[in-house]
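For reference, the structure is listed below as structure tokens.
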Amino acid sequence: MKRALTIILTLCLAACLFAGCGGSSTSGTADAGGAAQDAEALGGDTQAANEEAGVSESSGSDAQAANAEAGTPKTSADAQADSGVKKTMVIGDTTFNPENAEPDVNPHNDYAGWATIRYGVGETLFKLSDEMELTPWLATEWENVDDTTWKITLRDGVKFSSGRDMDAEAVKQCLTHLIENHDRAPGDLALAEIEADGQILTLKTSEPRPALLNYLCDPYGCIIDVEAGFDGGIVAGTGPYIAVDCESGDHLNLIKNENYWGGMPHIDELTIRTISDGNTLSAALQAGDIDAAYGMAYEAYPLFQNDNYKFSQVATSRAFFCWMNFESPLATDPAVRKAIAMGIDKEGFVTTLLEGNGEVAKGAFPESFSFAGNVQTESYDPEAAAAVLEEAGWVDSDGDGIREKDGKKLEIKWLTYPSRQELPLLAESAQATLKDIGIAVDVNCTADHNSIIEDMGAWDVYASANVNASIGDPEYFFTSFCLDSSTKNKGRYHSDEMEELEKQMAVSFDAAKRAELSEKMQQVILDDNAWVFCSFLKMSMISKASVTGYDCHPTDFYQVTADLDIG
């Protein structure tokens with residue numbers, strides 16, 4: 001009876017909150033924060049309870065599927081649910097905002113799919129393991145019938161949070177809507193025909209797409225019930241949590257999905273609170289206003305390196321790198337690009353400013369990745385960089401420390417943004433070391449970078465962060481950034497050789513050949529100094545010691561799962 005009452009109350013809450021983006025922001029967040037502290041005060045060793053009940057500590061879709069099929073023994077979370085006490089949790093996140101192209105949880109809207117998948121609202125047909133290998137998720141198996149035909153078997157017993165069954169027809173509707181509304185998906189997927197028959201989905205591409213299943217792991221590939229609508233940027237997915245209220249750049253309120261195919265989630269009400277300032281994020285976790293944090297400033301780490309908190313840390317392919325503007329009079333000068341590449345102290349940036357929480361980058365991918373290759377790039381060499389500029393006619397004739405040529409000062413307009421804490425630090429580092437070789441750097445670090453970058457006269461160098469191998473395949477980076485057709489080729493780079501190499505990669509099913517092409521394609525852009533790859537992120541997520549199941553993944557998504565719990 002009490003459990004039935006809990007479900008009724010939860011549904012009533014959902015009805016009250018479901019107002020879409022622009023709904024109430026303070027009441028939902030404040031209530032969730034207070035309830036989180038109440039829940040923490042209840043105590044209880046969830047892990048011990050799980051062990052006693054025989055619940056495995058393994059995470060991911062395999063464990064969830066096993067739980068769903070075999071029936072999950074009750075945990076302390078279930079006991080609290082039965083007693084009528086709600087479990088609530090608040091996560092502070094620096095990145096859930098329009099600044100990062102994540103304005104809501106509609107995966108068909110720009111990069112909002114990252115929020116959809118991170119916060120447990122949606123899931124893709126396939127996912128990537130901790131070793132970045134392709135594994136089933138909402139699909140159970142697949143067959144590559146021929147070069148342009150893929151037969152996919154969908155998981156039985158999955159429902160959208162709208163109550164609709166997830167079958168092939170629903171997935172077809174979702175993918176059709178995706179390619180009609182998303183800027184990257186049509187080119188990535190090249191879908192010519194989609195056939196639905198019960199739980200069998202057949203995809204036919206207009207040309208060979210060896211990495212099709214990897215592209216379907218992209219967060220934009222979250223399977224949603226398009227018939228349920230997109231009101232306020234909220235969608236009906238298949239994940240462990242249901243979005244009920246979203247205010248862009250402020251918060252996202254979720255409730256657990258009572259009908260989740262992967263087992264009952266532990267948290268009744270979950271709030272994602274946008275906290276873009278690192279000091280505020282640190283203070284919120286220390287004060288107990290939030291239970292976990294993503295994007296914590298490195299200088300704050302010592303505050304949480306004690307028994308009251310937990311760290312989850314993993315190396316990722318999220319690169320911090322600089323783009324050159326090939327319509328800028330300065331950046332189009334090969335000598336200037338080369339000097340910038342030689343004038344950035346990557347080792348110092350990682351060691352000193354990132355306090356070792358990263359890996360120095362050479363190319364687009366970490367060297368541990370099978371397709372990274374043995375690429376060659378410019379090393380930090382201030383003297384050689386100065387000589388390159390001198391030879392090209394950039395000299396300091398007036399003795400002010402800044403070089404000039406034909407009456408024009410070598411003053412670089414550096415555009416970046418603050419929500420990724422590493423980027424202002426990179427700007428600070430580059431500003432200091434480039435000044436040493438006679439290049440002035442005017443830094444514009446702004447949340448408005450997405451609109452400013454469209455003005456080709458407003459920047460020379462753009463520093464950003466991107467997970468370059470988020471789908472476990474190299475092609476994603478090149479098709480997103482480096483081609484004439486790339487939607488993120490904001491610097492308007494062009495290379496005939498790059499275009500030709502991509503044509504080869506697009507039709508190659510052989511992993512070794514794709515790795516060989518990846519090395520060649522990286523070398524092309526490194527030789528042109530079109531991009532300067534500075535470091536890769538060693539991602540950390542911090543939580544209270546009572547939180548379990550809040551774990552990093554190399555993709556930088558899969559953050560909120562049914563395993564998430566708080567004691």
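Here's how to read the names in the structure tokens: chain A, B, ... by the order shown, residue numbers from 1 in each chain, ligand numbers from 1 in the order shown.
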Exercise for the section: Assign secondary structure with DSSP using the backbone only, and return the residues of region 242-462 of chain A in strand (DSSP E or B) as JSON, numbers by chain. Expected result: {"A": [242, 243, 244, 245, 246, 247, 251, 252, 253, 254, 255, 256, 269, 270, 271, 272, 273, 274, 292, 293, 294, 309, 310, 311, 312, 313, 314, 315, 316, 317, 318, 319, 320, 321, 322, 323, 324, 358, 359, 360, 395, 404, 405, 408, 409, 411, 412, 413, 414, 415, 416, 440, 441, 442, 443, 444, 445, 461, 462]}
Sorted per-residue table, region 131-188 of chain A near region 259-278 of chain A, closest atoms and distance, 9 Å, only C-alpha atoms, as JSON lines:
{"residue": "A:Gly157", "atom": "CA", "partner": "A:Trp261", "partner_atom": "CA", "distance": 6.7}
{"residue": "A:Val158", "atom": "CA", "partner": "A:Trp261", "partner_atom": "CA", "distance": 5.4}
{"residue": "A:Lys159", "atom": "CA", "partner": "A:Asn259", "partner_atom": "CA", "distance": 7.2}
{"residue": "A:Phe160", "atom": "CA", "partner": "A:Tyr260", "partner_atom": "CA", "distance": 8.4}
{"residue": "A:Ser161", "atom": "CA", "partner": "A:Asn259", "partner_atom": "CA", "distance": 7.6}
{"residue": "A:Gly163", "atom": "CA", "partner": "A:Asn259", "partner_atom": "CA", "distance": 8.4}
Write the selection just made, keeping N, CA and C atoms, as a short mmCIF file (atom, residue, chain, number, x, y, z; two decimals), in the first residue's frame?
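Just written: result33.cif:
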data_model
loop_
_atom_site.label_atom_id
_atom_site.label_comp_id
_atom_site.auth_asym_id
_atom_site.auth_seq_id
_atom_site.Cartn_x
_atom_site.Cartn_y
_atom_site.Cartn_z
N GLY A 157 10.83 -5.84 -24.58
CA GLY A 157 10.42 -5.41 -23.26
C GLY A 157 10.86 -4.02 -22.85
N VAL A 158 11.27 -3.19 -23.81
CA VAL A 158 11.68 -1.82 -23.50
C VAL A 158 10.53 -0.88 -23.79
N LYS A 159 10.23 -0.01 -22.84
CA LYS A 159 9.20 1.01 -23.03
C LYS A 159 9.81 2.40 -22.91
N PHE A 160 9.26 3.33 -23.69
CA PHE A 160 9.60 4.74 -23.52
C PHE A 160 8.93 5.23 -22.23
N SER A 161 9.42 6.32 -21.70
CA SER A 161 8.80 6.88 -20.50
C SER A 161 7.39 7.36 -20.77
N GLY A 163 5.26 5.44 -22.09
CA GLY A 163 4.46 4.21 -21.99
C GLY A 163 4.42 3.42 -23.27
#
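Residues with any atom within 6 Å of Asn253 (chain A), counting only C-alpha atoms and excluding same-chain neighbours fewer than 2 positions away, are Ala243, Val244, Asp245 and Thr271 of chain A.
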Keeping C-alpha atoms for every residue in the selection just given, could you write it to a file as a PDB file, in the first residue's frame?
ATOM      1  CA  ALA A 243      12.879  14.631 -17.346  1.00  0.00           C
ATOM      2  CA  VAL A 244       9.982  16.627 -15.859  1.00  0.00           C
ATOM      3  CA  ASP A 245      11.285  20.202 -15.738  1.00  0.00           C
ATOM      4  CA  THR A 271      18.303  17.398  -9.984  1.00  0.00           C
TER       5      THR A 271
END
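The spacing separating CA of Tyr309 (chain A) from CA of Ser543 (chain A) amounts to 5.6 Å.
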Completion exercise
Among A:Met498, A:Val532, A:Val336, A:Leu425, Val350 (chain A) is approached most closely, using only C-alpha atoms, by A:Leu425
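Candidate residues A:Asn450, A:Asn325, A:Gln313, A:Gln559 were compared for distance to Ala115 (chain A), and the nearest is A:Gln559, using only C-alpha atoms.
You will find CA of Trp394 (chain A) at 10.6 Å from CA of Ile437 (chain A).
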For Gly198 (chain A), please output as a JSON list (two decimals) with N, CA and C atoms, in the first residue's frame all residues within 9 Å (counting only C-alpha atoms; exclusion window: fewer than 4 positions along the same chain).
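Dumped everything to result.json:
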[["chain", "number", "residue", "atom", "x", "y", "z"],
["A", 154, "LEU", "N", 16.27, -5.46, -32.10],
["A", 154, "LEU", "CA", 16.04, -4.60, -30.93],
["A", 154, "LEU", "C", 15.70, -5.43, -29.70],
["A", 167, "ASP", "N", 9.66, -0.41, -30.43],
["A", 167, "ASP", "CA", 9.78, -1.40, -31.49],
["A", 167, "ASP", "C", 10.45, -0.75, -32.69],
["A", 168, "ALA", "N", 10.60, -1.51, -33.76],
["A", 168, "ALA", "CA", 11.33, -1.01, -34.93],
["A", 168, "ALA", "C", 10.63, 0.20, -35.55],
["A", 169, "GLU", "N", 9.31, 0.22, -35.52],
["A", 169, "GLU", "CA", 8.59, 1.36, -36.10],
["A", 169, "GLU", "C", 8.89, 2.63, -35.33]]
Exercise for the section: Please measure the separation of CA of Lys86 (chain A) and CA of Tyr241 (chain A), giving the value in Å to one decimal. Expected result: 14.7 Å
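Proximity to Asp291 (chain A) was assessed for A:Asp473, A:Glu497, A:Glu378, A:Asp93 counting only C-alpha atoms; the smallest distance is recorded for A:Asp93.
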Exercise for the section: Identify, on the basis of only C-alpha atoms, every residue whose closest approach to Glu143 (chain A) does not exceed 8 Å; exclude the query and any residue fewer than 3 positions from it along the same chain; express the result as number ranges by chain. Expected result: A: 150-152
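With distances restricted to only C-alpha atoms, A:Ala341 is the closest residue to Asp528 (chain A) from A:Leu501, A:Ala341, A:Leu415, A:Leu434.
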Handout entry: Picked from region 169-303 of chain A by DSSP as alpha helix (DSSP H), as a PyMOL selection string
Key = chain A and resi 169-181+185-189+212-215+278-287
Fill in the blank from the handout: Of A:Asp396, A:Glu428, A:Asp448, A:Asp147, the one sitting nearest Asn97 (chain A) when using only C-alpha atoms is A:Asp448
Practice task
Would you kindly return, as a ChimeraX atom specification, each protein, DNA or RNA residue with an atom no farther than 12 Å from any atom of Leu201 (chain A), considering only C-alpha atoms and excluding same-chain residues fewer than 5 positions away?
Solution key: /A:125,138-143,149-155,166-173,175,193-196
Handout entry: Pick from A:Lys413, A:Val314, A:Ala430, A:Met132, whichever lies nearest to Asn444 (chain A) using only C-alpha atoms
Key = A:Lys413
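Non-sequential neighbours of region 480-492 of chain A (distance at most 6 Å, separation of 2 or more positions within a chain, only C-alpha atoms) are A:Met324, A:Asn325, A:Phe326, A:Tyr476, A:Phe477, A:Phe478.
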Write the residues you've just listed into a file as an mmCIF file, in the first residue's frame, and include C-alpha atoms for each of them.
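Result file follows (again.cif):
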data_model
loop_
_atom_site.group_PDB
_atom_site.id
_atom_site.type_symbol
_atom_site.label_atom_id
_atom_site.label_comp_id
_atom_site.auth_asym_id
_atom_site.auth_seq_id
_atom_site.Cartn_x
_atom_site.Cartn_y
_atom_site.Cartn_z
ATOM 1 C CA MET A 324 43.180 28.499 -36.957
ATOM 2 C CA ASN A 325 40.998 30.941 -38.864
ATOM 3 C CA PHE A 326 41.867 30.540 -42.535
ATOM 4 C CA TYR A 476 34.029 11.265 -36.390
ATOM 5 C CA PHE A 477 36.703 13.913 -35.789
ATOM 6 C CA PHE A 478 37.609 14.380 -39.444
#
Produce a table with one row for each residue of region 76-170 of chain A that has an atom at most 10 Å from any atom of region 418-422 of chain A, each row naming the nearest atom pair and its distance in Å at one decimal; use only C-alpha atoms; arrange rows by chain and rising residue number; format as a Markdown table.
| residue | atom | partner | partner_atom | distance |
| --- | --- | --- | --- | --- |
| A:Asp93 | CA | A:Ser419 | CA | 9.7 |
| A:Thr94 | CA | A:Ser419 | CA | 5.9 |
| A:Thr95 | CA | A:Ser419 | CA | 6.1 |
| A:Phe96 | CA | A:Ser419 | CA | 9.3 |
| A:Asn97 | CA | A:Ser419 | CA | 9.0 |
| A:Glu99 | CA | A:Ser419 | CA | 7.6 |
| A:Asn100 | CA | A:Ser419 | CA | 7.8 |
Selected residues written out with N, CA and C atoms, as a JSON list (two decimals), in the first residue's frame:
[["chain", "number", "residue", "atom", "x", "y", "z"],
["A", 93, "ASP", "N", 26.82, 20.63, -12.15],
["A", 93, "ASP", "CA", 27.50, 20.39, -13.43],
["A", 93, "ASP", "C", 27.84, 21.73, -14.08],
["A", 94, "THR", "N", 29.08, 21.89, -14.54],
["A", 94, "THR", "CA", 29.49, 23.15, -15.16],
["A", 94, "THR", "C", 29.07, 23.27, -16.62],
["A", 95, "THR", "N", 28.65, 22.17, -17.25],
["A", 95, "THR", "CA", 28.52, 22.17, -18.71],
["A", 95, "THR", "C", 27.10, 22.15, -19.26],
["A", 96, "PHE", "N", 26.10, 21.92, -18.42],
["A", 96, "PHE", "CA", 24.73, 21.84, -18.93],
["A", 96, "PHE", "C", 24.18, 23.24, -19.13],
["A", 97, "ASN", "N", 24.45, 23.81, -20.31],
["A", 97, "ASN", "CA", 24.01, 25.16, -20.62],
["A", 97, "ASN", "C", 24.13, 25.42, -22.13],
["A", 99, "GLU", "N", 25.83, 27.55, -23.62],
["A", 99, "GLU", "CA", 27.21, 27.85, -23.96],
["A", 99, "GLU", "C", 27.90, 26.63, -24.56],
["A", 100, "ASN", "N", 27.53, 25.44, -24.09],
["A", 100, "ASN", "CA", 28.10, 24.20, -24.59],
["A", 100, "ASN", "C", 27.17, 23.52, -25.58]]
